[in-house]
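Beneath this line is the structure, given in structure tokens, with notes to follow.
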Amino acid sequence: MNSLSRSLSLAAIATFSTLAWAKGPATTAQVVEHHLAASAAGDVPAVLRDYADTAVTISPNGQTQGKAALEKLFTAVLAGPPGARPRLILKQQVFIGEVGYITWVQNEGKAGETQGSDTFIVHQGKIIAQTVVMFTAPAAGR
């Protein structure tokens, strides 16, 4: 290999390495958007890839920690074909550093409308903590 070819090869490797390093882990917005898309598709393995091994979710129903527990949770929550689950409509998304916050509604304008919010803490491209709160409107006449 002549010195010009060697220099060009080294320059290409250096450029590629710099670009790969600059890319780094996914942003909080990218992780949350992937989580929402995977959830909508009912793809539990894809959802789990967004979480750190020791991640915790906290909701009014309690806490879930670790991948095995999260797999059970999401398998139950995302059971059935995607068309059978109420569609989640995002109302607000805020991303600041490692924190993501979304508000959403399901069954909007219908009996059983549910409104909720999730907060995500994302570190090095993985969800390490998530909180969930939701409220379902009472049936008419109550």
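Chain labels A, B, ... are given in the sequence in which chains occur in the structure tokens; within each chain residues are numbered consecutively from 1, and ligands are likewise numbered from 1 in the order shown.
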Using DSSP on the backbone, list every residue of chain A that comes out as strand (DSSP E or B), and give them as an MDAnalysis selection string. chainID A and resid 51:59 62:65 88:96 99:106 114:123 126:136
How would you write, as a PyMOL selection string, the set of residues in chain A that DSSP gives as alpha helix (DSSP H)? chain A and resi 3-23+28-40+44-49+67-77
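Picture a line from atom CA of Trp104 of chain A to atom CA of Gln92 of chain A; it runs 7.0 Å.
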Coordinates-based distance that separates atom CA of Ala40 of chain A from atom CA of Glu108 of chain A (Å, one decimal):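 Straight-line distance from atom CA of Glu108 of chain A to atom CA of Ala40 of chain A works out to 16.4 Å.
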List every residue of segment 25-109 of chain A that has an atom at most 7 Å from any atom of segment 117-127 of chain A, giving for each one its closest atom pair and the distance in Å to one decimal, counting only C-alpha atoms, sorted by chain and then by ascending residue number, as a Markdown table.
```
| residue | atom | partner | partner_atom | distance |
| --- | --- | --- | --- | --- |
| A:Pro25 | CA | A:Gly125 | CA | 4.7 |
| A:Ala26 | CA | A:Gly125 | CA | 4.6 |
| A:Thr27 | CA | A:Gly125 | CA | 6.2 |
| A:Thr28 | CA | A:Val122 | CA | 5.6 |
| A:Val31 | CA | A:Gly125 | CA | 6.5 |
| A:Asp50 | CA | A:Lys126 | CA | 5.3 |
| A:Tyr51 | CA | A:Ile127 | CA | 4.5 |
| A:Ala52 | CA | A:Lys126 | CA | 5.2 |
| A:Ala55 | CA | A:Ile127 | CA | 6.5 |
| A:Glu98 | CA | A:Val122 | CA | 4.9 |
| A:Val99 | CA | A:Ile121 | CA | 4.8 |
| A:Gly100 | CA | A:Phe120 | CA | 4.9 |
| A:Tyr101 | CA | A:Thr119 | CA | 4.5 |
| A:Ile102 | CA | A:Asp118 | CA | 5.4 |
| A:Thr103 | CA | A:Ser117 | CA | 4.2 |
| A:Trp104 | CA | A:Ser117 | CA | 6.1 |
```
Excluding Ala79 of chain A and residues on its chain fewer than 3 positions from it, collect all residues at most 12 Å away from it, counting only C-alpha atoms, and give them as an MDAnalysis selection string. chainID A and resid 39:44 71:76 82:86
Write the selection just made, keeping C-alpha atoms, as a PDB file, in the first residue's frame?
```pdb
ATOM      1  CA  SER A  39     -45.895  -0.007  22.204  1.00  0.00           C
ATOM      2  CA  ALA A  40     -48.425   0.937  19.514  1.00  0.00           C
ATOM      3  CA  ALA A  41     -47.216  -2.020  17.447  1.00  0.00           C
ATOM      4  CA  GLY A  42     -47.499  -4.361  20.446  1.00  0.00           C
ATOM      5  CA  ASP A  43     -43.811  -5.257  20.021  1.00  0.00           C
ATOM      6  CA  VAL A  44     -42.767  -6.236  23.554  1.00  0.00           C
ATOM      7  CA  GLU A  71     -41.536  -8.042  30.288  1.00  0.00           C
ATOM      8  CA  LYS A  72     -44.467  -9.438  32.303  1.00  0.00           C
ATOM      9  CA  LEU A  73     -45.971  -5.964  32.625  1.00  0.00           C
ATOM     10  CA  PHE A  74     -45.729  -5.073  28.939  1.00  0.00           C
ATOM     11  CA  THR A  75     -46.848  -8.527  27.815  1.00  0.00           C
ATOM     12  CA  ALA A  76     -50.052  -7.988  29.826  1.00  0.00           C
ATOM     13  CA  PRO A  82     -52.701  -3.553  17.947  1.00  0.00           C
ATOM     14  CA  GLY A  83     -56.109  -2.712  16.448  1.00  0.00           C
ATOM     15  CA  ALA A  84     -57.861  -4.155  19.509  1.00  0.00           C
ATOM     16  CA  ARG A  85     -56.168  -1.743  21.944  1.00  0.00           C
ATOM     17  CA  PRO A  86     -57.387   1.822  22.314  1.00  0.00           C
TER      18      PRO A  86
END
```
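The coordinates place atom CA of Pro45 of chain A at 11.3 Å from atom CA of Leu78 of chain A.
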For Leu88 of chain A, which of A:Ala29, A:Ala37, A:Ala69, A:Ala137 is the closest residue, counting only C-alpha atoms? A:Ala37
Distance criterion (only C-alpha atoms): nearest to Ile58 of chain A out of A:Phe95, A:Thr136, A:His35, A:Ala129: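 Counting only C-alpha atoms, the residue closest to Ile58 of chain A is A:Ala129.
If only C-alpha atoms are the atoms counted, then among A:Ala111, A:Val132, A:Ala38, A:Val47 the closest residue to Ser59 of chain A is A:Val132.
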Non-local contacts of Thr54 of chain A (10 Å; only C-alpha atoms; under 5 positions in same chain excluded) as a PyMOL selection string: chain A and resi 64-68+70+127-129
Pick from A:Gly80, A:Ile89, A:Gly116, A:Lys110, whichever lies nearest to Pro138 of chain A using only C-alpha atoms: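 Closest to Pro138 of chain A, using only C-alpha atoms: A:Lys110.
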